[in-house]
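Trainee: If it helps, the file is called upload04.csv and holds CSV, C-alpha atoms:
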```csv
chain,number,residue,atom,x,y,z
X,1,MET,CA,33.1,21.5,-30.5
X,2,SER,CA,30.7,20.0,-28.0
X,3,LEU,CA,32.1,18.8,-24.7
X,4,ALA,CA,30.4,16.5,-22.3
X,5,LYS,CA,28.4,18.3,-19.6
X,6,PRO,CA,30.4,18.3,-16.4
X,7,ALA,CA,29.1,16.8,-13.2
X,8,MET,CA,27.0,19.4,-11.5
X,9,ARG,CA,25.7,17.5,-8.4
X,10,GLY,CA,26.8,15.0,-5.9
X,11,LEU,CA,30.4,16.3,-5.8
X,12,LEU,CA,30.7,16.4,-2.0
X,13,GLY,CA,29.0,13.0,-1.7
X,14,LYS,CA,31.5,11.5,-4.2
X,15,ARG,CA,34.4,13.0,-2.4
X,16,LEU,CA,33.2,11.7,1.0
X,17,ARG,CA,32.5,8.2,-0.4
X,18,PHE,CA,36.1,8.1,-1.6
X,19,HIS,CA,37.9,9.8,1.3
X,20,LEU,CA,36.0,8.7,4.4
X,21,PRO,CA,36.8,5.0,4.2
X,22,ILE,CA,40.5,5.8,3.6
X,23,ALA,CA,40.5,8.2,6.5
X,24,PHE,CA,39.0,5.6,8.9
X,25,ALA,CA,41.4,2.9,7.7
X,26,LEU,CA,44.4,5.2,8.1
X,27,SER,CA,43.3,6.2,11.6
X,28,LEU,CA,42.9,2.6,12.6
X,29,VAL,CA,46.4,1.8,11.2
X,30,ALA,CA,47.9,4.7,13.1
X,31,ALA,CA,46.2,3.6,16.4
X,32,ALA,CA,47.4,0.0,15.9
X,33,ALA,CA,50.9,1.1,15.0
X,34,PHE,CA,51.1,3.3,18.1
X,35,LYS,CA,49.7,0.5,20.3
X,36,TYR,CA,52.1,-2.2,19.1
X,37,GLY,CA,55.0,0.0,18.4
X,38,VAL,CA,55.0,2.1,21.6
X,39,THR,CA,52.6,1.1,24.4
X,40,GLU,CA,53.1,-2.7,24.3
X,41,PRO,CA,57.0,-2.4,24.3
X,42,ARG,CA,56.8,0.1,27.0
X,43,LYS,CA,54.6,-2.1,29.2
X,44,GLN,CA,57.0,-5.0,28.6
X,45,ALA,CA,60.0,-2.8,29.5
X,46,TYR,CA,58.4,-1.9,32.8
X,47,ALA,CA,57.5,-5.5,33.5
X,48,ASP,CA,61.0,-6.7,32.8
X,49,PHE,CA,62.5,-4.0,35.0
X,50,TYR,CA,60.4,-4.8,38.0
X,51,LYS,CA,60.8,-8.6,37.7
X,52,GLN,CA,64.5,-8.3,38.8
X,53,TYR,CA,64.1,-5.2,41.0
X,54,ASP,CA,65.4,-5.3,44.6
X,55,ALA,CA,64.3,-2.1,46.2
X,56,THR,CA,66.5,-2.4,49.3
X,57,LYS,CA,69.6,-3.0,47.2
X,58,GLU,CA,68.9,0.0,45.0
X,59,PHE,CA,68.2,2.1,48.1
X,60,ASN,CA,71.6,1.2,49.7
X,61,ASN,CA,73.4,1.9,46.5
X,62,MET,CA,71.8,5.4,46.2
X,63,ARG,CA,72.5,6.0,49.9
X,64,ASP,CA,76.2,5.2,49.5
X,65,ALA,CA,76.4,7.5,46.5
X,66,GLY,CA,75.3,10.3,48.9
X,67,VAL,CA,72.2,11.6,47.1
X,68,PHE,CA,69.9,11.4,50.2
X,69,GLU,CA,69.5,14.1,52.8
X,70,SER,CA,67.6,12.0,55.3
X,71,VAL,CA,70.2,9.3,55.6
X,72,ARG,CA,74.0,9.6,55.4
X,73,PRO,CA,76.1,6.9,53.6
X,74,THR,CA,76.7,3.8,55.7
X,75,GLY,CA,79.7,4.2,57.9
X,76,GLU,CA,79.5,8.0,58.6
T,1,MET,CA,27.5,54.8,0.8
T,2,LEU,CA,24.1,53.9,2.2
T,3,HIS,CA,22.9,53.0,-1.2
T,4,LEU,CA,25.5,50.2,-1.6
T,5,THR,CA,24.1,46.7,-1.3
T,6,THR,CA,26.3,44.0,0.3
T,7,GLY,CA,27.0,42.6,-3.2
T,8,ARG,CA,28.4,45.9,-4.3
T,9,VAL,CA,30.6,46.2,-1.2
T,10,GLY,CA,32.0,42.8,-2.0
T,11,CYS,CA,32.7,43.9,-5.5
T,12,LEU,CA,34.4,47.1,-4.3
T,13,LEU,CA,36.7,45.1,-2.0
T,14,SER,CA,37.6,42.8,-4.9
T,15,LYS,CA,38.4,45.9,-7.0
T,16,GLN,CA,40.9,47.1,-4.4
T,17,ALA,CA,42.4,43.7,-4.5
T,18,VAL,CA,42.5,43.7,-8.3
T,19,VAL,CA,44.3,47.1,-8.4
T,20,ALA,CA,46.9,45.7,-6.0
T,21,LEU,CA,47.2,42.6,-8.2
T,22,THR,CA,47.6,44.5,-11.4
T,23,SER,CA,50.1,46.9,-10.0
T,24,SER,CA,52.2,44.0,-8.6
T,25,GLY,CA,51.8,42.5,-12.1
T,26,ALA,CA,53.5,45.5,-13.5
T,27,ARG,CA,56.4,45.3,-11.0
T,28,MET,CA,56.9,41.6,-11.8
T,29,SER,CA,56.9,42.1,-15.6
T,30,SER,CA,60.5,40.6,-15.6
T,31,HIS,CA,59.0,37.3,-14.8
T,32,GLY,CA,57.9,36.3,-18.3
T,33,HIS,CA,54.5,38.0,-18.6
T,34,HIS,CA,54.0,41.0,-20.9
T,35,GLU,CA,51.4,43.2,-19.2
T,36,VAL,CA,51.9,46.7,-18.1
T,37,SER,CA,49.1,48.5,-16.3
T,38,ASP,CA,48.7,52.3,-15.9
T,39,SER,CA,46.6,54.1,-13.3
T,40,VAL,CA,42.9,53.0,-13.3
T,41,ASP,CA,39.8,55.2,-13.1
T,42,MET,CA,38.0,53.6,-10.2
T,43,SER,CA,34.8,55.5,-10.8
T,44,GLN,CA,34.1,53.6,-14.0
T,45,PRO,CA,33.0,49.9,-14.2
T,46,MET,CA,36.2,47.8,-14.2
T,47,TYR,CA,37.4,44.8,-16.1
T,48,TRP,CA,39.4,42.1,-14.2
T,49,ASP,CA,40.9,38.7,-14.9
T,50,ARG,CA,40.3,36.8,-11.6
T,51,LEU,CA,39.9,33.1,-11.0
T,52,ASP,CA,37.4,33.5,-8.2
T,53,THR,CA,35.2,36.3,-9.7
T,54,PRO,CA,34.5,35.2,-13.2
T,55,LEU,CA,32.2,37.9,-14.7
T,56,PRO,CA,33.7,41.4,-14.6
T,57,ASP,CA,31.6,44.6,-14.6
T,58,ARG,CA,32.4,45.5,-18.2
T,59,PRO,CA,33.5,43.5,-21.3
T,60,TRP,CA,37.2,43.5,-22.3
T,61,LYS,CA,36.7,45.5,-25.5
T,62,ASP,CA,34.5,48.5,-25.0
T,63,VAL,CA,35.3,50.4,-28.2
T,64,LEU,CA,34.1,48.2,-31.0
T,65,ASP,CA,35.0,48.8,-34.6
T,66,SER,CA,32.6,48.1,-37.5
T,67,THR,CA,33.4,44.4,-37.8
T,68,ASP,CA,33.0,43.9,-34.1
T,69,LYS,CA,29.7,45.8,-34.1
T,70,SER,CA,28.3,43.7,-36.9
T,71,LEU,CA,29.4,40.5,-35.0
T,72,LYS,CA,27.6,41.8,-31.9
T,73,GLN,CA,24.5,42.4,-34.1
T,74,LYS,CA,24.7,38.8,-35.4
T,75,GLU,CA,25.0,37.6,-31.7
T,76,LYS,CA,21.5,39.0,-31.1
T,77,GLY,CA,20.1,36.3,-33.5
T,78,PRO,CA,20.1,32.5,-33.0
T,79,TRP,CA,23.5,31.3,-31.8
T,80,THR,CA,23.4,28.2,-34.0
T,81,ALA,CA,24.0,30.5,-36.9
T,82,LEU,CA,27.4,31.6,-35.5
T,83,SER,CA,30.5,29.8,-36.7
T,84,LYS,CA,33.2,28.5,-34.4
T,85,GLU,CA,35.5,31.3,-35.2
T,86,GLU,CA,32.8,33.9,-34.6
T,87,LYS,CA,32.0,32.4,-31.2
T,88,ILE,CA,35.7,32.5,-30.3
T,89,ALA,CA,35.9,36.1,-31.5
T,90,LEU,CA,32.9,37.0,-29.4
T,91,TYR,CA,34.6,35.4,-26.4
T,92,ARG,CA,37.8,37.4,-27.0
T,93,LEU,CA,35.7,40.6,-27.2
T,94,LYS,CA,34.3,39.9,-23.8
T,95,PHE,CA,37.3,38.5,-22.0
T,96,ASN,CA,41.0,39.2,-22.1
T,97,HIS,CA,42.5,35.9,-20.8
T,98,THR,CA,41.0,32.4,-20.6
T,99,TYR,CA,41.2,30.5,-17.4
T,100,PRO,CA,44.2,28.5,-18.6
T,101,GLU,CA,45.9,31.7,-19.6
T,102,MET,CA,45.1,33.2,-16.2
T,103,LYS,CA,46.6,30.2,-14.5
T,104,ARG,CA,49.8,30.1,-16.6
T,105,PRO,CA,52.9,29.5,-14.5
T,106,SER,CA,55.5,32.3,-14.0
T,107,HIS,CA,59.1,32.6,-12.9
T,108,GLU,CA,58.1,34.4,-9.7
T,109,TRP,CA,59.1,31.5,-7.5
T,110,LYS,CA,62.8,32.0,-8.3
T,111,THR,CA,62.6,35.6,-7.0
T,112,VAL,CA,60.8,34.4,-3.9
T,113,ILE,CA,63.3,31.6,-3.1
T,114,GLY,CA,66.2,33.9,-3.9
T,115,GLY,CA,64.9,36.6,-1.7
T,116,MET,CA,64.3,34.1,1.1
T,117,PHE,CA,68.0,32.9,0.9
T,118,ILE,CA,69.3,36.4,0.9
T,119,PHE,CA,67.4,37.2,4.1
T,120,PHE,CA,68.6,33.9,5.6
T,121,GLY,CA,72.1,35.0,4.9
T,122,ILE,CA,71.7,38.5,6.3
T,123,THR,CA,70.1,37.0,9.4
T,124,GLY,CA,73.0,34.6,9.8
T,125,LEU,CA,75.4,37.5,9.8
T,126,VAL,CA,73.4,39.3,12.4
T,127,VAL,CA,73.2,36.2,14.6
T,128,PHE,CA,77.0,35.7,14.3
T,129,TRP,CA,77.7,39.3,15.2
T,130,GLN,CA,75.4,39.0,18.2
T,131,CYS,CA,77.0,35.8,19.4
T,132,HIS,CA,80.3,37.6,19.5
T,133,TYR,CA,79.3,41.1,20.8
T,134,VAL,CA,76.0,40.7,22.7
T,135,TYR,CA,75.8,37.4,24.6
T,136,PRO,CA,77.0,37.4,28.2
T,137,PRO,CA,79.5,34.8,29.5
T,138,GLN,CA,78.1,31.2,29.8
T,139,PRO,CA,76.8,30.1,33.2
T,140,HIS,CA,79.4,28.1,35.2
T,141,THR,CA,77.1,25.1,35.1
T,142,PHE,CA,78.0,24.7,31.4
T,143,GLY,CA,81.6,23.8,32.0
T,144,GLU,CA,83.0,20.3,31.3
T,145,GLU,CA,83.8,19.5,35.0
T,146,TRP,CA,80.4,20.6,36.2
T,147,GLN,CA,78.6,18.7,33.5
T,148,ALA,CA,80.5,15.5,34.3
T,149,LYS,CA,79.6,15.8,38.0
T,150,GLN,CA,76.0,16.5,37.0
T,151,ILE,CA,75.8,13.3,35.0
T,152,GLN,CA,77.3,11.3,37.8
T,153,ARG,CA,74.7,12.7,40.2
T,154,MET,CA,71.9,11.9,37.8
T,155,LEU,CA,73.1,8.3,37.6
T,156,ASP,CA,73.4,8.0,41.4
T,157,MET,CA,69.8,9.2,41.7
T,158,ARG,CA,68.7,6.6,39.2
T,159,ILE,CA,67.0,9.1,36.9
T,160,ASN,CA,64.6,7.3,34.5
T,161,PRO,CA,66.0,3.8,35.2
T,162,ILE,CA,63.5,1.9,33.1
T,163,GLU,CA,63.5,3.5,29.6
T,164,GLY,CA,65.4,6.7,29.9
T,165,PHE,CA,68.7,8.1,31.2
T,166,SER,CA,69.9,5.6,33.8
T,167,ALA,CA,68.6,2.7,31.7
T,168,GLN,CA,71.5,3.4,29.2
T,169,TRP,CA,74.1,3.1,31.9
T,170,ASP,CA,75.6,-0.3,32.9
T,171,TYR,CA,76.0,-0.1,36.6
T,172,LYS,CA,78.0,-3.3,36.9
T,173,ASN,CA,80.7,-2.4,34.4
T,174,LYS,CA,80.5,1.4,35.1
T,175,GLN,CA,80.1,2.4,31.4
T,176,TRP,CA,77.4,3.3,28.9
T,177,LYS,CA,75.6,0.4,27.4
```
Show this structure as structure tokens.
Mentor:
Amino acid sequence: MSLAKPAMRGLLGKRLRFHLPIAFALSLVAAAAFKYGVTEPRKQAYADFYKQYDATKEFNNMRDAGVFESVRPTGE
Amino acid sequence: MLHLTTGRVGCLLSKQAVVALTSSGARMSSHGHHEVSDSVDMSQPMYWDRLDTPLPDRPWKDVLDSTDKSLKQKEKGPWTALSKEEKIALYRLKFNHTYPEMKRPSHEWKTVIGGMFIFFGITGLVVFWQCHYVYPPQPHTFGEEWQAKQIQRMLDMRINPIEGFSAQWDYKNKQWK
């Protein structure tokens, strides 16, 4: 019963040559997924919100709801 | 103690661990292995089956009968003269279990999972009792009315109007989107 001699050297190198490209690729995929799944939609949501935003109108709505301490609702 | 080298100290530590392992092996003999260990004389060189420390201080079989002794004599000559069965017999003299035999699976996991669930159950009973007998009354801010007024105030203040809370509320139709 003679088995082949097992690999005695270069084990770490072999592992790194296999795993490092995969690790880099997966990291890039994760970064791209986050950018296009999270940050770009978020930037778009903010842009869309402020396109139609009337600050004075919102202020008056909030004032009439009574949430401010510096100004009372209109008509008091 | 001063004569001990660092290597020896390492071996002593592993011996303590081995005794713990073998005694726990005796307790778990219902799991499908068939070893029983009695008390070990720690002043003598020990034998162990360990995956991480492969060569024990003494061979498995110390007391050799005449056939074993003649085999050991033959081992002193050229090993090409040994047959396959003799080589295996010499291995079995020196070692108790092979690595695959050491790594054989057991039924211990069922005990572990079962014990875990038993303790989950006991903990659940304790938590239930405590909810009933220990907890003080809830703060008044948890009530239905207060919570409704709180939500209305948050909407009035336009909390997180872009992506969060108030973004889900339709201010024109006064309802959730």
Trainee: Tell me, counting only C-alpha atoms, for each residue of chain T within 10 Å of chain X, which pair of atoms is nearest and how far apart they are in Å to one decimal, in rows ordered by chain and increasing number, as JSON lines.
Mentor:
```
{"residue": "T:Lys84", "atom": "CA", "partner": "X:Met1", "partner_atom": "CA", "distance": 8.0}
{"residue": "T:Gln152", "atom": "CA", "partner": "X:Ala65", "partner_atom": "CA", "distance": 9.5}
{"residue": "T:Arg153", "atom": "CA", "partner": "X:Val67", "partner_atom": "CA", "distance": 7.4}
{"residue": "T:Met154", "atom": "CA", "partner": "X:Val67", "partner_atom": "CA", "distance": 9.3}
{"residue": "T:Leu155", "atom": "CA", "partner": "X:Met62", "partner_atom": "CA", "distance": 9.2}
{"residue": "T:Asp156", "atom": "CA", "partner": "X:Met62", "partner_atom": "CA", "distance": 5.7}
{"residue": "T:Met157", "atom": "CA", "partner": "X:Met62", "partner_atom": "CA", "distance": 6.2}
{"residue": "T:Arg158", "atom": "CA", "partner": "X:Met62", "partner_atom": "CA", "distance": 7.7}
{"residue": "T:Pro161", "atom": "CA", "partner": "X:Phe49", "partner_atom": "CA", "distance": 8.6}
{"residue": "T:Ile162", "atom": "CA", "partner": "X:Phe49", "partner_atom": "CA", "distance": 6.3}
{"residue": "T:Glu163", "atom": "CA", "partner": "X:Ala45", "partner_atom": "CA", "distance": 7.2}
{"residue": "T:Ala167", "atom": "CA", "partner": "X:Phe49", "partner_atom": "CA", "distance": 9.6}
```
Trainee: Please list as an NGL selection string every residue within 9 Å of stretch 51-58 of chain T, counting all atoms listed in the file and excluding residues in the same chain fewer than 3 positions away.
Mentor: :T and (14 or 45-48 or 61-62 or 94-95 or 99 or 102-103)
Trainee: As an exercise, work out the distance from atom CA of X:Ser70 to atom CA of T:Gln147 in Å and give it to one decimal place.
Mentor: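 Going from atom CA of X:Ser70 over to atom CA of T:Gln147 covers 25.3 Å.
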Trainee: Would you compute the distance between atom CA of T:Asp49 and atom CA of T:Glu101? Give it in Å to one decimal.
Mentor: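 Calculated distance between atom CA of T:Asp49 and atom CA of T:Glu101 is 9.8 Å.
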Trainee: In Å, with one decimal, what is the gap from atom CA of X:Ala32 to atom CA of X:Gln44?
Mentor: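 Atom-to-atom, atom CA of X:Ala32 to atom CA of X:Gln44, that is 16.7 Å.
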Trainee: Give me the residues near T:Ala89 as an NGL selection string, where near means some atom within 12 Å (using only C-alpha atoms) and where sequence neighbours in that chain fewer than 4 positions away do not count.
Mentor: :T and (60-61 or 67-69 or 71-72 or 75 or 82-85 or 93-96)
Trainee: Find the smallest box with edges along x, y and z containing every listed atom of stretch 36-50 of chain X, then add 8 Å on each side and report centre and edge lengths in Å to one decimal, as AutoDock Vina command-line options.
Mentor:
```
--center_x 57.3 --center_y -2.3 --center_z 28.2 --size_x 26.4 --size_y 24.8 --size_z 35.6
```
Trainee: Output file request: stretch 30-68 of chain X, with C-alpha atoms, as a tab-separated table (two decimals), in the first residue's frame.
Mentor:
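out_15.tsv, written as the output of this step:
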```tsv
chain	number	residue	atom	x	y	z
X	30	ALA	CA	-20.91	44.23	-1.89
X	31	ALA	CA	-19.78	47.83	-2.33
X	32	ALA	CA	-21.51	48.13	-5.71
X	33	ALA	CA	-24.70	46.58	-4.34
X	34	PHE	CA	-24.75	49.02	-1.43
X	35	LYS	CA	-24.07	52.01	-3.69
X	36	TYR	CA	-26.78	51.18	-6.22
X	37	GLY	CA	-29.21	49.61	-3.78
X	38	VAL	CA	-29.01	52.13	-0.96
X	39	THR	CA	-27.12	55.36	-1.56
X	40	GLU	CA	-28.33	56.18	-5.10
X	41	PRO	CA	-32.05	55.63	-4.26
X	42	ARG	CA	-31.57	57.68	-1.12
X	43	LYS	CA	-30.01	60.57	-3.04
X	44	GLN	CA	-32.89	60.39	-5.52
X	45	ALA	CA	-35.48	60.39	-2.73
X	46	TYR	CA	-33.97	63.54	-1.23
X	47	ALA	CA	-33.78	65.26	-4.64
X	48	ASP	CA	-37.42	64.42	-5.40
X	49	PHE	CA	-38.57	65.64	-1.99
X	50	TYR	CA	-36.90	69.01	-2.28
X	51	LYS	CA	-37.99	69.58	-5.89
X	52	GLN	CA	-41.59	70.17	-4.75
X	53	TYR	CA	-40.83	71.51	-1.26
X	54	ASP	CA	-42.41	74.79	-0.17
X	55	ALA	CA	-40.81	75.68	3.16
X	56	THR	CA	-43.25	78.47	4.02
X	57	LYS	CA	-46.29	76.29	3.40
X	58	GLU	CA	-44.88	73.50	5.58
X	59	PHE	CA	-44.04	76.01	8.29
X	60	ASN	CA	-47.59	77.33	8.33
X	61	ASN	CA	-49.04	73.83	8.46
X	62	MET	CA	-46.81	72.93	11.40
X	63	ARG	CA	-47.64	76.23	13.12
X	64	ASP	CA	-51.37	75.62	12.83
X	65	ALA	CA	-50.93	72.12	14.22
X	66	GLY	CA	-49.52	73.81	17.34
X	67	VAL	CA	-46.09	72.17	17.60
X	68	PHE	CA	-44.10	75.43	17.92
```
